[in-house]
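Novice: Below is a structure I'd like to ask you about.
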Amino acid sequence: MQGPAVVDLHVTVDQASDAERAAVDVVVPPDQAAVIVETERLVRGGTARRRERRHLLLPALHALQAEIGWISPGGLNYVAERLQVPPAEAYGVATFYELFRVDDPGHDQSVTHVCVDAACQIAGADARFGELRAEGRHVHRSPCLGQCERAPASFVQGRGEPDHVPADEHEVFQHRQAGDPELRISRRLGVVDPTSLESYRDHGGYEALAAAVEMGPDAIIAALSESGLSGRGGAAFPTGVKWRAVADQQGRPKHVVANCDESEPGTFKDRVLMENDPFALIEAMTIAGFATGASSGWIYIRGEYPRATARLRHAIVEARAAGLLGPDAAGSGHRFDVELRRGAGAYICGEETALFNSIEGFRGEPRNKPPFPTTHGLFGEPTVVNNPETLLNVAPILLDGPEVYRSRGTEQSPGTRLFCLSGSVGAPGVYEVALGTSLGDLLELAGGVTGTLQTVLLGGAAGSFVGPHQLDLPLTLEDTRAAGTTLGSGVVMAFDDSIDMTPVVVRIAEFFRDESCGQCVPCRVGTVRQHEVVVQLQRQGSLAPDRLDLIDDMARAMADASICGLGHTASGAVRSALQLGLIGGGS
Amino acid sequence: MFGAGGGTSSYTEVEQTDLIVLWGSNAREAHPIFFHHLLKGIDNGARMYCVDPRRTSSAKFADVWLGIHVGTDIALSNGIAREIIHAGLTDDTFIAHATSGYEEYAASVEPYTLDRVADITGVPAEAIRELAHAYATADTAQILWTLGITEHHNAVDNVLALCNLALLTGHVGRWGSGLVPLRGQNNVQGGGDMGALPNKFPGFQDVVDPEARARFEAVYGTSLNPEPGLHLTLMFEAMERGELRALYVIGENPADSEADIAHARALLDGLDILIVQDIVMTRTAEMADVVFPASIAWAESEGTVTSSERRVQRVRPAVVPPGQARHDIDILVDLAATMGVELGPQKPADVWNELRSLSPLHRGMTWERLEAEGGLQWPCPDEDHPGSPYLHGWLWAEDREGRDPAPFSVVEHEGPKEKLTEEFPYRLTTGRALDSYNTGVQSGGLASPIRYGDALDVNPEDATALGIGDGERVLVSSPRGSVEMRIRLQPDIPRGLTFTTFHFPELVDANVLTNDAWDPKSGTSEFKAASIRIDKLDVAAAAGAGAGGG
C-alpha cells in the first residue's frame with residue numbers, strides 16, 4: 001500500500017509544544033523532512049520523498065505518546081507536516097492502536113495495563129486491577145499481554161520512566177527443560193547470557209550463518225524444504241516454499257520481516273525466545289536475507305514487550321559492531337541489516353499484511369490476498385515473513401541436516417514445537433516437545449493439571465476448546481485438524497473444573513469484538529453479534545435455538561467472506577465451548 | 001514538419017514515462033484532467049522537476065521545484081543544454097542522424113555557464129546541473145508546458161529552447177519521450193487543426209502554398225485570398241490604424257481577456273460593426289451590434305473535438321439548446337445564405353467528410369471509425385491507419401522519406417520586456433485557479449468553496465516591508481493603470497513576485513495591469529510579466545490617487 005499522491009494538507013490551528021517538536025525531531029530530523037526548502041527558489045519534495053518517509057509515522061506517534069502521554073492535535077499537525085501525511089490519515093492511524101490516546105489524560109503519571117484475557121482472568125485479574133487502582137495508579141484493562149505463565153500480568157506504559165513489566169524486576173528466567181539434550185529451538189534459553197554476543201558464540205551462535213554462507217542460497221532453501229519445516233504462527237505454511245518464492249523474485253528490493261507481534265491470547269513463546277536468545281533471531285534473519293537475496297530485515301515487535309525490545313536492540317547494535325550485520329554481513333558478501341519497529345497494541349497487526357501496513361505507516365488493516373507477500377509484501381516488494389519460533393528452527397536444520405530434524409515429530413509434522421502452557425497447570429511456561437506428543441503428556445510435563453481438568457483451550461482465542469476425553473490427542477497438524485481443532489500458535493491453556501467458563505467465553509467474544517479492525521463487514525458485524533449472543537447467554541443462562549443458529553450463521557459468513565484469519569477463526573472457541581457444554585448448560 | 005502542430009505524445013505516455021519536466025505550467029489547476037494522467041505517471045514512479053516562478057500546487061508534486069525568475073526560461077534551458085553537452089550526455093547518434101544546426105547551437109549556449117544561469121534565474125547551479133543530468137540520462141522523458149512558456153513577448157523562442165533540449169537528448173519521436181504543450185480547452189487543438197489560424201488551412205496547410213490553395217478552391221468553388229490573415233494582436237493594431245472596421249467574434253471574450261484591457265475596449269467600441277456569437281452574454285457581446293446565441297459545444301451540439309494528444313473524438317447533444325440558441329454550423333450556413341451563398345444543408349458528418357477530403361492528417365478518420373474506436377489521433381492518412389500515438393517517429397527511421405532533419409534553433413535570453421524599476425519594483429504574473437475558467441464566462445456563475453476571488457498573492461516578507469496585511473485592500477499600479485485589489489499572503493511565492501488570476505474581470509480588471517508587448521512570431525501578449533507597485537490605499541489617496549490612473 002503506497003497511498004495516493006497528496007499535497008494539500010489542511011491542518012488545524014493547533015501548534016505543537018517545544019517538547020513535542022523535540023520528540024518528533026529525534027525520529028524525523030528537520031533535514032529529513034518530506035519537504036526541504038533549500039532556498040527561496042529551490043524546494044525538494046514530491047511523492048517519492050513522501051512515500052519514503054511514511055514509515056516514520058508510527059515511530060513519530062510513539063515519540064509523541066511517550067513524551068506527553070497522548071497525541072495532541074498540535075503534535076499530530078507537526079508530524080503531518082513533517083511527513084506530508086494528511087492529518088486525517090495520521091489521526092486514523094493514531095486511533096487504530098490501543099497504546100495511543102488522542103485525548104488529554106489529564107495527568108503525567110505512568111499507566112498500568114492489566115491483562116484481562118483468559119489466563120489472567122482466571123488468576124484474579126479483576127482483583128489485581130482493583131488493588132492497583134486502590135493504590136492510586138492509573139490502570140487500563142488490556143488484552144493479552146503475553147505473560148500468561150505469570151498471570152495476572154501487567155505492563156507499565158511509562159511517563160518519565162521507560163515502559164516496563166513489573167514482573168521482570170524480580171524474576172530470573174528459568175527454562176524448566178534447561179539441560180535437556182533433546183532441545184533444539186530452546187536449548188540456549190536460561191543458559192546463554194542474552195546480552196552478550198560472546199556468550200552467544202560460546203553456545204554455538206553464528207555457526208549456522210557460517211554454514212549457510214558455505215552452502216549458498218539454493219542449498220539452504222533445499223535443506224529447509226527437505227526438513228518439512230512449516231510456519232509456527234498458526235497457518236503452517238511450508239517455510240522452504242516461502243523462501244524459494246522470494247529468492248526467485250528478481251530486480252526489486254526484498255525484505256525479511258520477523259513477525260514478533262505475538263498477540264494471540266495465551267501465547268508467549270516468542271517473547272521468551274527474544275528475551276533470552278535475541279542473537280538467535282538476528283542470526284536466523286541474516287540467513288534468511290542471504291538465502292533469499294533480501295537486504296533489509298525488519299523486526300516488528302508488539303509494544304507491550306519492553307524487555308524483548310531492549311534486548312533485540314542491544315543485539316542489533318552488537319551484531320553491527322561485530323560486522324555480523326551491515327554491508328558485508330558476517331563476511332557473506334551480502335548486505336543485510338535489521339531495523340526494529342514497535343507495534344502499539346493491535347492484535348490484528350500479527351496478521352502479516354496488516355503488519356506490513358503498520359510498518360508502512362498506515363492503519364493496520366489486512367490486505368486482500370493474492371497477491372501474496374512473497375511477491376507484494378512490505379512496501380509492495382517481495383518479502384519473507386516468519387515468526388521467531390519458525391526462524392529459530394533454521395539454524396538446527398542447517399547444522400544438523402534435515403534428516404536429523406525429521407527424526408523428531410511425525411511424517412507430516414516433523415520436528416519439535418514450542419508450547420505455551422498456562423492456566424491450571426503446576427508449572428506454567430514454554431515447553432519444547434516433539435510434534436506428536438500427546439496433550440496429556442504435555443500437561444504432565446508442565447507439572448500436571450492442578451485439580452480436575454474441565455477443558456483445554458488449544459491454539460489460543462483463535463483456536464478451540466477440547467475436553468478431558470481428548471488427552472490422548474497427538475499434537476500434530478494432521479491429528480488436530482482431524483479432531484476439528486488446531487495447534488494454532490501453540491497455546492495449551494488448562495481450566496480445572498472449579499472455573500466458571502461462561503465469563504471466559506464472554507471475554508473471548510469481547511476480545512474479537514474489540515480487535516476486529518472493522519475493515520470488512522462480516523467480521524465487523526459478526527464479532528459484535530457473536531458477543532451480544534454470548535452476553536445474552538450469560539444473563540439468561542440459556543438461549544433459544546434460533547440464537548444458537550445465529551452464531552453458526554455468522555461463523556459461516558465470517559469464515560467465507562472475511563479477508564483475513566481474524567474473521568475466519570473468531571467463532572472457533574465460542575462454538576466449541578457450546579458444543580462441549582462448557583457454557584449454556586450443554587444445549 | 002518538426003516544430004509545428006500539436007503535442008507529440010499521448011496521455012498514456014506520461015503515465016509510463018520516467019521523467020516529467022513540468023515547465024511554466026500549473027497543470028493541476030489549469031489542466032486538471034491531464035494532471036490525473038500525470039499523477040498516474042508519478043504513482044508509477046516517474047520523477048518530476050517543476051520549473052515555475054511560483055511554487056504552485058502542481059509544483060508541490062515535484063521532486064524538485066526550480067523557482068526561476070519570470071521570463072528567464074531561455075537562460076535556464078540554454079544552461080541545461082550547455083551542461084548536457086559538457087557532461088557528454090548528448091545523444092550523438094540521434095543528433096547526427098535526425099537534426100541540423102547542432103554546431104552553431106552548441107556554440108551559442110557556451111556562454112550559459114551554470115553560475116551565470118544561476119545568477120539570471122535565481123536557482124542554485126547545483127539544481128540546474130541535477131535537472132540537466134536527470135533529463136539527459138532518463139530512458140524516457142517529457143517536457144510539458146503551458147502559458148508560462150507562451151505568454152511572453154518571445155514565446156516562440158521559449159518553445160524552441162525546450163525543443164532544443166529534446167533534440168539534444170533524443171527525447172522526442174519515441175514512446176514515452178516528447179514535447180507536450182497543454183491546451184487550455186477541450187478543443188483548442190481542434191480549432192488550430194480546422195484552420196482557425198491566420199496562415200493555415202485545415203490540416204496545417206499553408207495559405208501561401210498555391211497547390212494547397214488550389215485544392216481548397218476546387219472544393220469550395222471560389223477563389224481564396226493568398227495573403228495570410230491577421231492574428232488577434234495584429235487585428236487590434238489594425239483597428240488602431242482604422243484599417244479593421246468590422247469584427248465577427250465566435251466564442252471569444254476579448255473585452256475581458258486582452259492585455260491592457262482599457263485600450264482594447266476602446267478599440268472594440270470604435271468599430272463600425274461588432275458581431276458576437278457566443279453561448280452566454282459576455283462583456284464583448286454586450287458591446288456588440290449583433291449577437292448570435294450559440295448552442296454549447298459539449299452538451300447541445302453534434303460534432304467533434306480534438307484534445308491535446310491530437311485525438312479527434314465525437315461529441316453528441318444531450319439536451320436541446322434553450323431559446324433561440326442554435327448550432328454554430330446552422331448559424332454560419334444561414335448567414336452565408338443571407339449573403340447569397342448556398343452552402344446547402346450541412347450536417348456535422350458532411351462537414352467532417354469535406355474536411356477528410358482536404359486534410360491528409362484526417363483522411364483515414366471516418367465518422368464510423370471515430371465512433372467505433374473511441375477517437376483517433378492524427379495523423380491518420382488512410383482508413384487502415386491506426387492513428388498516431390506520438391509524432392515524429394520518422395526522426396528515428398533509417399529513411400526520413402525526404403523530410404528535412406529537425407533544426408536546432410539558436411535562441412538568446414532576453415528577459416521580460418518590462419523591466420523592474422524603482423517606481424514599479426514588483427513583478428506581476430498571472431494564471432488560473434482550479435475552480436475558475438479564463439474570464440469567468442463559463443465558471444463565474446457557479447459557486448465554489450475554494451474560490452478566493454480577486455486577490456493579489458504577495459510574499460509575507462514583502463507584505464511586512466510594505467506594511468500591509470492579509471486581506472487588506474491596496475492600490476496596484478502598472479505603467480498602464482491602477483486597480484484596487486485585496487492582498488493574500490502566500491508563503492509559496494518568492495519575494496519580489498506577485499500573482500493574480502484573471503478570472504474576475506467584474507471584480508478587478510487584472511488585465512488593466514498586464515503588458516501588451518507581444519511576440520511577433522505567435523501574436524501572444526506578455527501576460528506573464530508586468531511590473532507593478534503596491535500602495536496602501538490611505539497613502540495612495542493622500543498622495544492624490546497614486547501613479548497612473550487608467
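So you can find residues: chains in the C-alpha cells are A, B, ... in the order shown, residues in each start at 1, and ligands are numbered from 1 in order.
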Please produce, as a Markdown table, a per-residue contact table for chain B versus chain A (criterion: any atom at most 7 Å away, only C-alpha atoms considered), showing the nearest atom pair and its distance in Å to one decimal, sorted by chain then residue number.
Specialist:
| residue | atom | partner | partner_atom | distance |
| --- | --- | --- | --- | --- |
| B:Lys60 | CA | A:Gly46 | CA | 6.2 |
| B:Phe61 | CA | A:Gly46 | CA | 4.5 |
| B:Ala62 | CA | A:Gly46 | CA | 4.6 |
| B:Asp63 | CA | A:Gly46 | CA | 4.3 |
| B:Val64 | CA | A:Arg44 | CA | 4.5 |
| B:Trp65 | CA | A:Val43 | CA | 5.2 |
| B:Leu66 | CA | A:Leu42 | CA | 5.1 |
| B:Gly67 | CA | A:Arg41 | CA | 4.3 |
| B:Ile68 | CA | A:Arg41 | CA | 6.7 |
| B:Gly122 | CA | A:Arg41 | CA | 6.8 |
| B:Val123 | CA | A:Arg41 | CA | 5.8 |
| B:Pro494 | CA | A:Glu40 | CA | 5.9 |
Novice: For the residues in the current selection, export C-alpha atoms as a PDB file, in the first residue's frame.
Specialist:
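Here's the written file out38.pdb:
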ATOM      1  CA  LYS B  60       4.221  20.574  -4.797  1.00  0.00           C
ATOM      2  CA  PHE B  61       4.032  17.194  -6.512  1.00  0.00           C
ATOM      3  CA  ALA B  62       7.519  17.692  -7.924  1.00  0.00           C
ATOM      4  CA  ASP B  63      10.627  16.062  -6.530  1.00  0.00           C
ATOM      5  CA  VAL B  64      12.386  19.332  -7.186  1.00  0.00           C
ATOM      6  CA  TRP B  65      10.895  22.769  -7.782  1.00  0.00           C
ATOM      7  CA  LEU B  66      13.115  25.308  -9.533  1.00  0.00           C
ATOM      8  CA  GLY B  67      11.635  28.749  -8.911  1.00  0.00           C
ATOM      9  CA  ILE B  68      13.152  30.756 -11.754  1.00  0.00           C
ATOM     10  CA  GLY B 122      17.859  32.736  -9.160  1.00  0.00           C
ATOM     11  CA  VAL B 123      18.051  28.938  -8.955  1.00  0.00           C
ATOM     12  CA  PRO B 494       9.204  34.141  -3.721  1.00  0.00           C
TER      13      PRO B 494
END
Novice: Mind checking which residues fall within 9 Å of Glu300 in chain B, counting only C-alpha atoms, ignoring those fewer than 5 positions away in the same chain, and posting them as a ChimeraX atom specification?
Specialist: /B:295,316-321,326-327
Novice: Can you tell me, as a PyMOL selection string, what residues are no more than 6 Å from range 140-152 of chain B when counting only C-alpha atoms, ignoring any on the same chain fewer than 4 positions away?
Specialist: chain B and resi 17-25+158+176-182+524-528
Novice: Name the residues in contact with Ile287 in chain A at a cut-off of 8 Å, using only C-alpha atoms, excluding same-chain residues fewer than 3 positions from it; report them as an MDAnalysis selection string.
Specialist: chainID A and resid 209 212 283:284 290:291
Novice: Just the number, please: distance in Å from CA of Tyr347 in chain A to CA of Cys144 in chain A, one decimal.
Specialist: 9.1 Å
Novice: Report as a VMD selection string: the residues of range 203-446 of chain B with a DSSP assignment of alpha helix (DSSP H), based on the backbone of this structure.
Specialist: chain B and resid 210 to 220 232 to 240 254 to 257 261 to 269 283 to 287 328 to 338 348 to 358 367 to 372
Novice: For Ala463 in chain B, list every protein, DNA or RNA residue within 10 Å, evaluated using only C-alpha atoms, and leave out those in the same chain fewer than 2 positions away; present the list as a list in words.
Specialist: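 The neighbour list is Asp457, Val458, Asn459, Pro460, Glu461, Ala465, Leu466, Gly467, Ile468, Gly469, Asp470, Ile487, Arg488, Leu489, Gln490, Arg495 and Ile534 of chain B.
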Novice: Considering only C-alpha atoms, return as a ChimeraX atom specification whatever protein or nucleic-acid residues lie within 8 Å of range 369-381 of chain A, sequence-local ones (same chain, fewer than 3 positions apart) excluded.
Specialist: /A:1-2,242-243,245-246,249,252-255,353,356-357,360,384-385,563
Novice: Mind dumping the selected residues with C-alpha atoms as an mmCIF file, in the first residue's frame?
Specialist:
data_model
loop_
_atom_site.group_PDB
_atom_site.id
_atom_site.type_symbol
_atom_site.label_atom_id
_atom_site.label_comp_id
_atom_site.auth_asym_id
_atom_site.auth_seq_id
_atom_site.Cartn_x
_atom_site.Cartn_y
_atom_site.Cartn_z
ATOM 1 C CA MET A 1 0.000 0.000 0.000
ATOM 2 C CA GLN A 2 1.569 3.244 -1.115
ATOM 3 C CA LYS A 242 8.025 -19.322 1.001
ATOM 4 C CA TRP A 243 11.770 -18.676 0.874
ATOM 5 C CA ALA A 245 9.305 -17.899 -3.889
ATOM 6 C CA VAL A 246 11.094 -14.814 -2.575
ATOM 7 C CA GLN A 249 11.905 -12.729 -7.402
ATOM 8 C CA ARG A 252 13.335 -5.391 -6.780
ATOM 9 C CA PRO A 253 14.450 -4.778 -3.199
ATOM 10 C CA LYS A 254 13.403 -7.631 -0.901
ATOM 11 C CA HIS A 255 12.721 -7.834 2.792
ATOM 12 C CA THR A 353 -0.273 -7.938 5.641
ATOM 13 C CA PHE A 356 3.174 -4.506 6.625
ATOM 14 C CA ASN A 357 0.637 -1.691 6.627
ATOM 15 C CA GLU A 360 4.461 1.455 6.357
ATOM 16 C CA VAL A 384 9.773 -13.319 3.677
ATOM 17 C CA VAL A 385 7.717 -13.023 6.822
ATOM 18 C CA ILE A 563 -10.445 -11.195 4.162
#
Novice: Got a sec: who's within 8 Å of Cys517 in chain A, counting only C-alpha atoms, leaving out chain neighbours fewer than 2 positions off, as an NGL selection string?
Specialist: :A and (348 or 364-365 or 515 or 519 or 524)
Novice: Would you output that residue set with N, CA and C atoms, as an mmCIF file, in the first residue's frame?
Specialist:
data_model
loop_
_atom_site.group_PDB
_atom_site.id
_atom_site.type_symbol
_atom_site.label_atom_id
_atom_site.label_comp_id
_atom_site.auth_asym_id
_atom_site.auth_seq_id
_atom_site.Cartn_x
_atom_site.Cartn_y
_atom_site.Cartn_z
ATOM 1 N N ILE A 348 -4.547 -7.394 15.451
ATOM 2 C CA ILE A 348 -4.618 -7.662 14.018
ATOM 3 C C ILE A 348 -3.268 -7.476 13.342
ATOM 4 N N GLY A 364 -3.378 -0.565 10.573
ATOM 5 C CA GLY A 364 -3.009 -1.970 10.453
ATOM 6 C C GLY A 364 -4.164 -2.823 9.975
ATOM 7 N N GLU A 365 -4.615 -2.549 8.769
ATOM 8 C CA GLU A 365 -5.712 -3.333 8.209
ATOM 9 C C GLU A 365 -5.159 -4.337 7.201
ATOM 10 N N GLU A 515 -10.981 -6.370 18.789
ATOM 11 C CA GLU A 515 -9.788 -6.435 17.953
ATOM 12 C C GLU A 515 -10.078 -6.511 16.459
ATOM 13 N N GLN A 519 -12.551 -3.404 8.987
ATOM 14 C CA GLN A 519 -12.436 -3.138 7.567
ATOM 15 C C GLN A 519 -13.489 -3.881 6.760
ATOM 16 N N ARG A 524 -16.681 -7.287 11.127
ATOM 17 C CA ARG A 524 -17.063 -6.125 11.946
ATOM 18 C C ARG A 524 -18.425 -6.350 12.597
#
Novice: Closest to Pro416 in chain B among B:Arg174, B:Arg480, B:His69, B:Arg533, using only C-alpha atoms?
Specialist: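 Nearest to Pro416 in chain B: B:His69.
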